[in-house]
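Asks: Following this line is start_34.pdb, made up of PDB, C-alpha atoms:
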```pdb
MODEL        1
ATOM      1  CA  GLN A   1     -22.535 -26.732   4.284
ATOM      2  CA  ARG A   2     -21.699 -30.106   5.820
ATOM      3  CA  ASP A   3     -24.188 -29.956   8.690
ATOM      4  CA  ARG A   4     -21.512 -29.581  11.385
ATOM      5  CA  ARG A   5     -23.067 -26.647  13.214
ATOM      6  CA  GLU A   6     -22.425 -28.036  16.702
ATOM      7  CA  GLU A   7     -18.745 -28.545  15.935
ATOM      8  CA  ALA A   8     -18.506 -25.006  14.572
ATOM      9  CA  VAL A   9     -20.166 -23.589  17.699
ATOM     10  CA  GLU A  10     -17.737 -25.517  19.900
ATOM     11  CA  ILE A  11     -14.701 -24.217  17.994
ATOM     12  CA  PHE A  12     -15.892 -20.603  17.988
ATOM     13  CA  SER A  13     -16.707 -20.856  21.702
ATOM     14  CA  LYS A  14     -13.131 -21.922  22.445
ATOM     15  CA  MET A  15     -11.753 -19.109  20.273
ATOM     16  CA  TYR A  16     -13.770 -16.439  22.064
ATOM     17  CA  GLU A  17     -13.679 -17.912  25.554
ATOM     18  CA  GLY A  18     -13.443 -15.104  28.101
ATOM     19  CA  VAL A  19     -14.744 -12.464  25.697
ATOM     20  CA  GLU A  20     -17.680 -10.434  26.998
ATOM     21  CA  ASP A  21     -21.035 -11.716  25.711
ATOM     22  CA  SER A  22     -19.238 -14.496  23.826
ATOM     23  CA  GLU A  23     -22.383 -16.611  23.369
ATOM     24  CA  ALA A  24     -24.166 -13.844  21.472
ATOM     25  CA  LEU A  25     -21.037 -13.187  19.416
ATOM     26  CA  VAL A  26     -20.677 -16.850  18.454
ATOM     27  CA  SER A  27     -24.367 -17.100  17.588
ATOM     28  CA  GLU A  28     -24.115 -14.006  15.395
ATOM     29  CA  MET A  29     -21.064 -15.389  13.568
ATOM     30  CA  ILE A  30     -22.774 -18.735  12.924
ATOM     31  CA  GLU A  31     -25.849 -16.990  11.539
ATOM     32  CA  GLU A  32     -23.698 -14.779   9.329
ATOM     33  CA  ILE A  33     -21.954 -17.834   7.890
ATOM     34  CA  ASN A  34     -25.310 -19.512   7.274
ATOM     35  CA  ARG A  35     -26.627 -16.404   5.501
ATOM     36  CA  SER A  36     -23.561 -16.298   3.294
ATOM     37  CA  ILE A  37     -23.950 -19.940   2.320
ATOM     38  CA  GLU A  38     -27.657 -19.554   1.588
ATOM     39  CA  GLU A  39     -27.053 -16.485  -0.576
ATOM     40  CA  GLU A  40     -24.423 -18.337  -2.577
ATOM     41  CA  ARG A  41     -26.796 -21.264  -3.080
ATOM     42  CA  ALA A  42     -29.566 -18.894  -4.184
ATOM     43  CA  ASN A  43     -27.362 -17.077  -6.689
ATOM     44  CA  TYR A  44     -25.446 -20.019  -8.162
ATOM     45  CA  THR A  45     -27.007 -23.173  -9.540
ATOM     46  CA  LYS A  46     -23.576 -24.732 -10.022
ATOM     47  CA  ARG A  47     -20.054 -23.935  -8.921
ATOM     48  CA  PRO A  48     -17.569 -22.223 -11.249
ATOM     49  CA  SER A  49     -15.727 -24.691 -13.448
ATOM     50  CA  TRP A  50     -11.982 -25.258 -13.436
ATOM     51  CA  ARG A  51     -11.931 -23.859 -16.956
ATOM     52  CA  MET A  52     -13.426 -20.580 -15.791
ATOM     53  CA  VAL A  53     -11.147 -20.295 -12.761
ATOM     54  CA  LEU A  54      -7.964 -21.088 -14.718
ATOM     55  CA  LEU A  55      -8.647 -19.553 -18.148
ATOM     56  CA  THR A  56     -11.349 -16.898 -17.870
ATOM     57  CA  PRO A  57     -11.561 -15.709 -14.241
ATOM     58  CA  PRO A  58     -13.400 -12.426 -13.638
ATOM     59  CA  PRO A  59     -11.181  -9.461 -12.725
ATOM     60  CA  TYR A  60     -11.688  -9.761  -8.958
ATOM     61  CA  LEU A  61     -10.717 -13.452  -9.042
ATOM     62  CA  GLN A  62      -7.628 -12.670 -11.109
ATOM     63  CA  ARG A  63      -6.443 -10.375  -8.343
ATOM     64  CA  MET A  64      -7.226 -12.975  -5.694
ATOM     65  CA  LEU A  65      -5.233 -15.599  -7.599
ATOM     66  CA  ILE A  66      -2.294 -13.230  -7.971
ATOM     67  CA  VAL A  67      -2.235 -12.710  -4.210
ATOM     68  CA  GLY A  68      -2.987 -16.271  -3.074
ATOM     69  CA  VAL A  69      -0.878 -18.093  -5.633
ATOM     70  CA  GLY A  70       1.808 -15.414  -5.472
ATOM     71  CA  VAL A  71       2.320 -15.786  -1.725
ATOM     72  CA  ALA A  72       2.396 -19.593  -2.035
ATOM     73  CA  PHE A  73       4.934 -19.337  -4.863
ATOM     74  CA  MET A  74       7.113 -16.818  -3.030
ATOM     75  CA  GLN A  75       7.320 -19.044   0.032
ATOM     76  CA  GLN A  76       9.299 -21.591  -1.957
ATOM     77  CA  VAL A  77      11.322 -19.496  -4.415
ATOM     78  CA  THR A  78      12.790 -17.519  -1.507
ATOM     79  CA  GLY A  79      14.831 -20.684  -0.992
ATOM     80  CA  ILE A  80      13.706 -22.504   2.131
ATOM     81  CA  ASP A  81      13.774 -26.044   0.701
ATOM     82  CA  GLY A  82      17.021 -25.453  -1.151
ATOM     83  CA  VAL A  83      18.648 -24.145   2.016
ATOM     84  CA  GLN A  84      17.479 -26.819   4.433
ATOM     85  CA  TYR A  85      17.799 -29.842   2.110
ATOM     86  CA  TYR A  86      21.399 -28.984   1.281
ATOM     87  CA  MET A  87      22.407 -27.499   4.625
ATOM     88  CA  SER A  88      25.275 -29.959   5.027
ATOM     89  CA  PHE A  89      26.730 -28.815   1.690
ATOM     90  CA  LEU A  90      26.429 -25.172   2.743
ATOM     91  CA  LEU A  91      28.091 -25.721   6.109
ATOM     92  CA  GLU A  92      30.945 -27.597   4.461
ATOM     93  CA  ALA A  93      31.359 -24.853   1.858
ATOM     94  CA  SER A  94      31.300 -22.306   4.708
ATOM     95  CA  GLY A  95      34.357 -23.874   6.328
ATOM     96  CA  ILE A  96      32.826 -26.346   8.796
ATOM     97  CA  GLN A  97      34.494 -29.651   7.891
ATOM     98  CA  SER A  98      33.521 -31.821  10.870
ATOM     99  CA  ARG A  99      30.471 -33.986  10.159
ATOM    100  CA  THR A 100      29.619 -34.053  13.867
ATOM    101  CA  ALA A 101      29.703 -30.272  14.036
ATOM    102  CA  ARG A 102      27.519 -29.965  10.927
ATOM    103  CA  PHE A 103      24.983 -32.372  12.406
ATOM    104  CA  GLY A 104      24.910 -30.450  15.674
ATOM    105  CA  TYR A 105      24.327 -27.152  13.870
ATOM    106  CA  MET A 106      21.473 -28.641  11.843
ATOM    107  CA  VAL A 107      19.779 -29.851  15.035
ATOM    108  CA  LEU A 108      20.192 -26.364  16.508
ATOM    109  CA  PHE A 109      18.708 -24.764  13.390
ATOM    110  CA  GLY A 110      15.693 -27.074  13.560
ATOM    111  CA  LEU A 111      15.021 -26.264  17.196
ATOM    112  CA  LEU A 112      15.279 -22.529  16.599
ATOM    113  CA  LYS A 113      13.005 -22.793  13.554
ATOM    114  CA  THR A 114      10.355 -24.616  15.591
ATOM    115  CA  GLY A 115      10.617 -22.097  18.428
ATOM    116  CA  ALA A 116      10.164 -19.214  15.985
ATOM    117  CA  VAL A 117       6.947 -20.762  14.628
ATOM    118  CA  VAL A 118       5.534 -21.091  18.150
ATOM    119  CA  TRP A 119       6.506 -17.483  18.939
ATOM    120  CA  SER A 120       4.955 -16.091  15.758
ATOM    121  CA  ALA A 121       1.589 -17.895  15.875
ATOM    122  CA  PRO A 122      -0.244 -15.463  18.200
ATOM    123  CA  ARG A 123       1.499 -12.430  16.709
ATOM    124  CA  LEU A 124       0.104 -13.065  13.243
ATOM    125  CA  ASP A 125      -3.282 -12.242  14.758
ATOM    126  CA  SER A 126      -2.202  -9.332  16.940
ATOM    127  CA  TRP A 127       0.328  -7.670  14.611
ATOM    128  CA  GLY A 128      -1.250  -8.519  11.267
ATOM    129  CA  ARG A 129      -0.203 -10.543   8.243
ATOM    130  CA  ARG A 130       1.494  -7.841   6.184
ATOM    131  CA  PRO A 131       3.824  -6.578   8.940
ATOM    132  CA  MET A 132       4.866 -10.144   9.750
ATOM    133  CA  LEU A 133       5.485 -10.939   6.078
ATOM    134  CA  MET A 134       7.497  -7.765   5.503
ATOM    135  CA  SER A 135       9.542  -8.347   8.656
ATOM    136  CA  SER A 136      10.049 -12.000   7.753
ATOM    137  CA  LEU A 137      11.372 -11.294   4.269
ATOM    138  CA  SER A 138      13.586  -8.449   5.475
ATOM    139  CA  VAL A 139      15.182 -10.682   8.120
ATOM    140  CA  MET A 140      15.614 -13.501   5.599
ATOM    141  CA  THR A 141      17.371 -11.109   3.221
ATOM    142  CA  VAL A 142      19.807 -10.078   5.953
ATOM    143  CA  GLY A 143      20.547 -13.715   6.780
ATOM    144  CA  LEU A 144      21.193 -14.667   3.151
ATOM    145  CA  THR A 145      23.430 -11.623   2.724
ATOM    146  CA  LEU A 146      25.606 -12.710   5.670
ATOM    147  CA  VAL A 147      25.912 -16.233   4.252
ATOM    148  CA  SER A 148      26.877 -14.811   0.848
ATOM    149  CA  ILE A 149      29.548 -12.556   2.368
ATOM    150  CA  ASN A 150      31.221 -15.503   4.066
ATOM    151  CA  LEU A 151      31.137 -17.581   0.883
ATOM    152  CA  TYR A 152      32.641 -14.767  -1.177
ATOM    153  CA  ALA A 153      35.325 -14.361   1.508
ATOM    154  CA  ASN A 154      36.482 -17.930   0.778
ATOM    155  CA  SER A 155      34.700 -19.223   3.893
ATOM    156  CA  THR A 156      37.139 -17.522   6.251
ATOM    157  CA  ILE A 157      34.324 -16.419   8.605
ATOM    158  CA  PRO A 158      32.249 -19.569   9.284
ATOM    159  CA  ALA A 159      30.596 -17.916  12.299
ATOM    160  CA  LEU A 160      29.086 -15.394   9.889
ATOM    161  CA  ALA A 161      27.462 -18.213   7.940
ATOM    162  CA  ILE A 162      26.085 -19.795  11.117
ATOM    163  CA  VAL A 163      24.563 -16.514  12.266
ATOM    164  CA  GLY A 164      23.214 -15.894   8.751
ATOM    165  CA  VAL A 165      21.481 -19.275   8.585
ATOM    166  CA  ILE A 166      19.950 -18.795  12.044
ATOM    167  CA  ILE A 167      18.634 -15.377  11.027
ATOM    168  CA  TYR A 168      17.254 -16.795   7.777
ATOM    169  CA  TYR A 169      15.497 -19.727   9.471
ATOM    170  CA  VAL A 170      13.997 -17.574  12.206
ATOM    171  CA  GLY A 171      12.891 -14.987   9.645
ATOM    172  CA  PHE A 172      11.171 -17.603   7.512
ATOM    173  CA  SER A 173       9.398 -19.203  10.463
ATOM    174  CA  VAL A 174       7.861 -15.990  11.804
ATOM    175  CA  GLY A 175       6.200 -14.961   8.535
ATOM    176  CA  MET A 176       6.677 -16.675   5.204
ATOM    177  CA  GLY A 177       6.264 -20.145   6.694
ATOM    178  CA  PRO A 178       2.819 -19.868   8.314
ATOM    179  CA  ALA A 179       1.401 -16.897   6.364
ATOM    180  CA  CYS A 180       1.724 -18.727   3.047
ATOM    181  CA  TRP A 181      -1.156 -20.991   4.109
ATOM    182  CA  LEU A 182      -3.042 -18.384   6.099
ATOM    183  CA  ILE A 183      -3.493 -15.660   3.476
ATOM    184  CA  PRO A 184      -4.959 -17.819   0.666
ATOM    185  CA  SER A 185      -7.485 -19.259   3.131
ATOM    186  CA  GLU A 186      -8.639 -15.731   4.012
ATOM    187  CA  ILE A 187      -9.171 -14.232   0.545
ATOM    188  CA  PHE A 188     -11.048 -16.776  -1.588
ATOM    189  CA  PRO A 189     -14.874 -16.703  -1.232
ATOM    190  CA  ASN A 190     -16.658 -19.953  -0.411
ATOM    191  CA  ILE A 191     -17.787 -20.528  -3.995
ATOM    192  CA  VAL A 192     -14.185 -20.851  -5.283
ATOM    193  CA  ARG A 193     -12.392 -21.480  -2.001
ATOM    194  CA  ALA A 194     -11.481 -25.117  -2.660
ATOM    195  CA  LYS A 195     -10.208 -24.404  -6.167
ATOM    196  CA  GLY A 196      -8.240 -21.338  -5.076
ATOM    197  CA  MET A 197      -6.552 -23.228  -2.256
ATOM    198  CA  ALA A 198      -5.865 -26.197  -4.538
ATOM    199  CA  ILE A 199      -4.169 -24.002  -7.149
ATOM    200  CA  SER A 200      -2.091 -22.253  -4.483
ATOM    201  CA  THR A 201      -1.002 -25.573  -2.994
ATOM    202  CA  VAL A 202      -0.073 -27.094  -6.368
ATOM    203  CA  ILE A 203       1.997 -24.050  -7.329
ATOM    204  CA  ASN A 204       3.685 -24.118  -3.933
ATOM    205  CA  ARG A 205       4.709 -27.765  -4.286
ATOM    206  CA  LEU A 206       5.798 -27.358  -7.919
ATOM    207  CA  ALA A 207       7.983 -24.413  -6.911
ATOM    208  CA  ALA A 208       9.420 -26.477  -4.054
ATOM    209  CA  THR A 209      10.279 -29.283  -6.478
ATOM    210  CA  VAL A 210      12.016 -26.933  -8.912
ATOM    211  CA  VAL A 211      13.949 -25.138  -6.168
ATOM    212  CA  SER A 212      15.169 -28.291  -4.426
ATOM    213  CA  SER A 213      16.089 -30.055  -7.683
ATOM    214  CA  THR A 214      18.148 -27.188  -9.106
ATOM    215  CA  VAL A 215      20.295 -26.327  -6.073
ATOM    216  CA  LEU A 216      23.335 -28.365  -7.099
ATOM    217  CA  SER A 217      23.154 -27.274 -10.737
ATOM    218  CA  LEU A 218      22.878 -23.596  -9.855
ATOM    219  CA  SER A 219      25.568 -23.749  -7.172
ATOM    220  CA  SER A 220      27.862 -25.477  -9.664
ATOM    221  CA  GLY A 221      27.275 -22.822 -12.301
ATOM    222  CA  LEU A 222      27.123 -19.776 -10.035
ATOM    223  CA  THR A 223      29.251 -21.034  -7.103
ATOM    224  CA  TRP A 224      27.656 -21.250  -3.649
ATOM    225  CA  GLY A 225      28.213 -17.536  -3.161
ATOM    226  CA  GLY A 226      26.412 -16.787  -6.415
ATOM    227  CA  TYR A 227      23.538 -19.089  -5.507
ATOM    228  CA  TYR A 228      22.934 -17.379  -2.173
ATOM    229  CA  THR A 229      23.219 -13.982  -3.813
ATOM    230  CA  LEU A 230      20.491 -15.081  -6.236
ATOM    231  CA  LEU A 231      18.285 -16.067  -3.285
ATOM    232  CA  THR A 232      18.964 -12.681  -1.696
ATOM    233  CA  LEU A 233      17.759 -10.893  -4.839
ATOM    234  CA  ILE A 234      14.644 -13.080  -5.014
ATOM    235  CA  ASN A 235      13.856 -12.178  -1.398
ATOM    236  CA  ILE A 236      14.152  -8.488  -2.228
ATOM    237  CA  PHE A 237      11.689  -8.990  -5.088
ATOM    238  CA  ALA A 238       9.354 -10.815  -2.681
ATOM    239  CA  ILE A 239       9.425  -7.798  -0.342
ATOM    240  CA  VAL A 240       8.316  -5.572  -3.239
ATOM    241  CA  PHE A 241       5.577  -8.071  -4.163
ATOM    242  CA  VAL A 242       4.162  -8.182  -0.639
ATOM    243  CA  TYR A 243       4.334  -4.406  -0.218
ATOM    244  CA  TYR A 244       2.473  -3.569  -3.421
ATOM    245  CA  ILE A 245       0.216  -6.596  -3.972
ATOM    246  CA  VAL A 246      -0.704  -8.383  -0.736
ATOM    247  CA  PRO A 247      -3.514  -6.785   1.329
ATOM    248  CA  GLU A 248      -3.990  -7.072   5.071
ATOM    249  CA  THR A 249      -6.510  -9.792   5.942
ATOM    250  CA  LYS A 250      -6.413  -9.493   9.726
ATOM    251  CA  GLY A 251      -9.911  -9.129  11.170
ATOM    252  CA  LYS A 252     -11.616  -9.210   7.755
ATOM    253  CA  THR A 253     -14.413 -11.545   6.736
ATOM    254  CA  LEU A 254     -14.507 -13.339   3.391
ATOM    255  CA  GLU A 255     -17.238 -10.867   2.363
ATOM    256  CA  ASP A 256     -14.956  -7.937   3.223
ATOM    257  CA  MET A 257     -12.151  -9.395   1.133
ATOM    258  CA  LEU A 258     -14.428 -10.177  -1.805
ATOM    259  CA  ALA A 259     -15.773  -6.621  -1.837
ATOM    260  CA  PHE A 260     -12.235  -5.259  -1.518
ATOM    261  CA  PHE A 261     -10.912  -7.182  -4.523
ATOM    262  CA  GLN A 262     -13.970  -6.194  -6.559
ATOM    263  CA  SER A 263     -13.476  -2.554  -5.624
ATOM    264  CA  ILE A 264      -9.916  -2.491  -6.993
ATOM    265  CA  ALA A 265     -10.527  -4.757  -9.996
ATOM    266  CA  GLN A 266     -13.682  -2.973 -11.197
ATOM    267  CA  PRO A 267     -14.035   0.275  -9.222
ATOM    268  CA  GLU A 268     -16.757   1.796 -11.455
ATOM    269  CA  ARG A 269     -18.925  -1.314 -11.288
ATOM    270  CA  TYR A 270     -18.307  -1.606  -7.565
ATOM    271  CA  ASN A 271     -19.428   1.970  -6.894
ATOM    272  CA  LYS A 272     -22.566   1.530  -9.017
ATOM    273  CA  ALA A 273     -23.495  -1.712  -7.263
ATOM    274  CA  ARG A 274     -22.897  -0.068  -3.883
ATOM    275  CA  SER A 275     -25.134   2.836  -4.842
ATOM    276  CA  ASP A 276     -27.890   0.507  -6.095
ATOM    277  CA  SER A 277     -27.660  -1.534  -2.912
ATOM    278  CA  ASP A 278     -27.889   1.518  -0.660
ATOM    279  CA  SER A 279     -30.977   2.784  -2.506
ATOM    280  CA  ALA A 280     -32.771  -0.586  -2.453
ATOM    281  CA  PRO A 281     -35.963  -0.658  -0.312
ATOM    282  CA  ASP A 282     -34.598  -3.514   1.755
ATOM    283  CA  SER A 283     -30.838  -3.507   1.403
ATOM    284  CA  SER A 284     -30.452  -6.171   4.082
ATOM    285  CA  SER A 285     -32.052  -8.751   1.797
ATOM    286  CA  HIS A 286     -30.288  -7.568  -1.362
ATOM    287  CA  LYS A 287     -28.649 -10.470  -3.142
ATOM    288  CA  TYR A 288     -25.051 -10.002  -4.156
ATOM    289  CA  ASP A 289     -23.383 -10.948  -7.393
ATOM    290  CA  MET A 290     -19.855 -12.241  -7.041
ATOM    291  CA  THR A 291     -18.883 -10.372 -10.197
ATOM    292  CA  ALA A 292     -20.228  -7.147  -8.762
ATOM    293  CA  ILE A 293     -20.380  -6.441  -5.021
ATOM    294  CA  VAL A 294     -21.119  -7.766  -1.565
ATOM    295  CA  PRO A 295     -23.385  -5.102  -0.040
ATOM    296  CA  GLN A 296     -22.978  -6.494   3.486
ATOM    297  CA  ALA A 297     -19.223  -5.798   3.562
ATOM    298  CA  ASP A 298     -17.949  -2.959   5.711
ATOM    299  CA  GLU A 299     -16.860  -0.207   3.329
ATOM    300  CA  ASN A 300     -14.675   1.458   5.947
ATOM    301  CA  ASN A 301     -12.694  -1.756   6.314
ATOM    302  CA  ILE A 302     -12.332  -2.000   2.555
ATOM    303  CA  ASN A 303     -11.121   1.552   2.046
ATOM    304  CA  GLN A 304      -8.462   1.122   4.722
ATOM    305  CA  GLN A 305      -6.836  -1.780   2.898
ATOM    306  CA  HIS A 306      -3.593  -1.341   0.998
ATOM    307  CA  LEU A 307      -2.958  -3.041  -2.312
TER     308      LEU A 307
ENDMDL
END
```
Written as structure tokens, how would this file's structure read?

Replies:
Amino acid sequence: QRDRREEAVEIFSKMYEGVEDSEALVSEMIEEINRSIEEERANYTKRPSWRMVLLTPPPYLQRMLIVGVGVAFMQQVTGIDGVQYYMSFLLEASGIQSRTARFGYMVLFGLLKTGAVVWSAPRLDSWGRRPMLMSSLSVMTVGLTLVSINLYANSTIPALAIVGVIIYYVGFSVGMGPACWLIPSEIFPNIVRAKGMAISTVINRLAATVVSSTVLSLSSGLTWGGYYTLLTLINIFAIVFVYYIVPETKGKTLEDMLAFFQSIAQPERYNKARSDSDSAPDSSSHKYDMTAIVPQADENNINQQHL
């Protein structure tokens, strides 16, 4: 769309360096992207308005927004900003009174968090998004539970809090941290991609603001033990959300994901459009309607998805 074909070819070539027949593969991917863009231009004289996206989105887009915005929202309400911004308060409440010791632990937590991000980056592609998210939230829940136990035990086991925080940080960094930005970028079609990502980002930052600004009030009303128990329960809810709502996006094109969301939002219309496409004289040139179906999508890939 922005006439940066050479840059795109260079990036794809680096991604698939060493793969057999990589030049043909890259060329095919570039042409597929160009076809997608041209079809969107042919079918839409203007882009969907903010009013349509926010107030009257079609069923498939509603489901996309639930997934994309939901993941972005969950990243923050599971407590990461509240935990790390007020880590010194937590360590003091957990029985670690030395300021030097608290500072040293916070440096350690930061290093471990960074290392976990580096470790997880390639595994998001090889293991998949859903398994990493489920594992991440499960580990975070365990970590928060350990912190809560120490706080309810009148901070008599500070080592339990330290281990709990490490587990929580590592858990967040291997899944919820990076996947929050990855999944929305892989589900919204080009025609609403910018708006979908913008909404997800705004909700993410609003949630971060609310979480970080209410930590002291909630900990004062619930006690620190109650606050971390609340975060534990929110993480459990996030596990349920990911399990039932978030699909796997690994190895799927935007066309695959669009067809998948249409198939679950309007299954009868999807099946009819699929049938009409298959019976068309030249199905390869059949134009798709974003409120109906993308005929080019791989139906086997779609049917294997879980939502």

Asks: Pick out the closest residue to A:Val71 from this set: A:Tyr16, A:Trp127, A:Trp181, A:Trp50. Count all atoms listed in the file.

Replies: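 Closest to A:Val71, using all atoms listed in the file: A:Trp181.
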
Asks: If the PyMOL selection byres ((chain A and resi 227) around 12) were run on this exact file, what residues would it hold? Put them as number ranges by chain.

Replies: A: 78-79, 82-83, 90, 144-145, 147-149, 151-152, 211, 214-226, 228-234

Asks: Please produce an output containing C-alpha atoms for each residue in the selection, written as an mmCIF file, in the coordinates of the input.

Replies:
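This is the output file again_22.cif:
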```cif
data_model
loop_
_atom_site.group_PDB
_atom_site.id
_atom_site.type_symbol
_atom_site.label_atom_id
_atom_site.label_comp_id
_atom_site.auth_asym_id
_atom_site.auth_seq_id
_atom_site.Cartn_x
_atom_site.Cartn_y
_atom_site.Cartn_z
ATOM 1 C CA THR A 78 12.790 -17.519 -1.507
ATOM 2 C CA GLY A 79 14.831 -20.684 -0.992
ATOM 3 C CA GLY A 82 17.021 -25.453 -1.151
ATOM 4 C CA VAL A 83 18.648 -24.145 2.016
ATOM 5 C CA LEU A 90 26.429 -25.172 2.743
ATOM 6 C CA LEU A 144 21.193 -14.667 3.151
ATOM 7 C CA THR A 145 23.430 -11.623 2.724
ATOM 8 C CA VAL A 147 25.912 -16.233 4.252
ATOM 9 C CA SER A 148 26.877 -14.811 0.848
ATOM 10 C CA ILE A 149 29.548 -12.556 2.368
ATOM 11 C CA LEU A 151 31.137 -17.581 0.883
ATOM 12 C CA TYR A 152 32.641 -14.767 -1.177
ATOM 13 C CA VAL A 211 13.949 -25.138 -6.168
ATOM 14 C CA THR A 214 18.148 -27.188 -9.106
ATOM 15 C CA VAL A 215 20.295 -26.327 -6.073
ATOM 16 C CA LEU A 216 23.335 -28.365 -7.099
ATOM 17 C CA SER A 217 23.154 -27.274 -10.737
ATOM 18 C CA LEU A 218 22.878 -23.596 -9.855
ATOM 19 C CA SER A 219 25.568 -23.749 -7.172
ATOM 20 C CA SER A 220 27.862 -25.477 -9.664
ATOM 21 C CA GLY A 221 27.275 -22.822 -12.301
ATOM 22 C CA LEU A 222 27.123 -19.776 -10.035
ATOM 23 C CA THR A 223 29.251 -21.034 -7.103
ATOM 24 C CA TRP A 224 27.656 -21.250 -3.649
ATOM 25 C CA GLY A 225 28.213 -17.536 -3.161
ATOM 26 C CA GLY A 226 26.412 -16.787 -6.415
ATOM 27 C CA TYR A 228 22.934 -17.379 -2.173
ATOM 28 C CA THR A 229 23.219 -13.982 -3.813
ATOM 29 C CA LEU A 230 20.491 -15.081 -6.236
ATOM 30 C CA LEU A 231 18.285 -16.067 -3.285
ATOM 31 C CA THR A 232 18.964 -12.681 -1.696
ATOM 32 C CA LEU A 233 17.759 -10.893 -4.839
ATOM 33 C CA ILE A 234 14.644 -13.080 -5.014
#
```

Asks: Name the residues that the PyMOL selection byres ((chain A and resi 55-68) around 10) picks from the file above, as a PyMOL selection string, using the file's chain letters and numbers.

Replies: chain A and resi 48-54+69-73+180-189+192+196-197+199-201+241-242+245-247+257-266+290-292+307

Asks: Give me the residues within 9 Å of A:Ala207 as JSON, numbers by chain, counting all atoms listed in the file and dropping any in the same chain fewer than 4 places off.

Replies: {"A": [72, 73, 74, 75, 76, 77, 202, 203, 211, 212]}

Asks: With a distance cut-off of 8 Å and only C-alpha atoms, select the neighbouring residues of A:Ser88, excluding the residue or stretch itself and same-chain residues fewer than 2 positions from it, and output the selection as number ranges by chain.

Replies: A: 86, 90-92, 102-103, 106

Asks: Could you please determine the separation between atom CA of A:Ser36 and atom CA of A:Ile191 in Å, to one decimal place?

Replies: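 For atom CA of A:Ser36 relative to atom CA of A:Ile191, the distance reads 10.2 Å.
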
Asks: So which residues get picked by the PyMOL selection byres ((chain A and resi 163) around 12) here, written as a PyMOL selection string?

Replies: chain A and resi 91+94+105+108-109+112+139-140+142-150+157-162+164-170

Asks: So how far away is atom CA of A:Tyr243 from atom CA of A:Asn190, in Å?

Replies: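 So the two atoms, atom CA of A:Asn190 and atom CA of A:Tyr243, lie 26.1 Å apart.
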
Asks: Point out the residue among A:Ser22, A:Asn235, A:Ser173, A:Thr249 with the least atom-to-atom distance to A:Thr114, counting only C-alpha atoms.

Replies: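 Among the listed residues, A:Ser173 lies closest to A:Thr114.
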
Asks: To one decimal place, how far is atom CA of A:Gly171 from atom CA of A:Pro122 in Å?

Replies: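 Pair atom CA of A:Gly171 / atom CA of A:Pro122 returns 15.7 Å.
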
Asks: Restricting the calculation to all atoms listed in the file, which member of A:Leu111, A:Thr100, A:Ile80, A:Gly128 is positioned closest to A:Lys252?

Replies: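 Going through A:Leu111, A:Thr100, A:Ile80, A:Gly128 one by one, the smallest distance to A:Lys252 is for A:Gly128.
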
Asks: Just checking: using only C-alpha atoms, which residue out of A:Phe12, A:Phe237, A:Trp119, A:Tyr244 ends up closest to A:Val26?

Replies: A:Phe12

Asks: Counting only C-alpha atoms, which residue out of A:Arg4, A:Arg193, A:Lys250, A:Arg129 sits closest to A:Met176?

Replies: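 The shortest atom-to-atom distance to A:Met176 comes from A:Arg129.
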
Asks: Find the residue from A:Ile30, A:Leu124, A:Ile96, A:Val19 that sits nearest to A:Gly251; use all atoms listed in the file when measuring.

Replies: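 Once distances to A:Gly251 are computed over all atoms listed in the file, the minimum belongs to A:Leu124.
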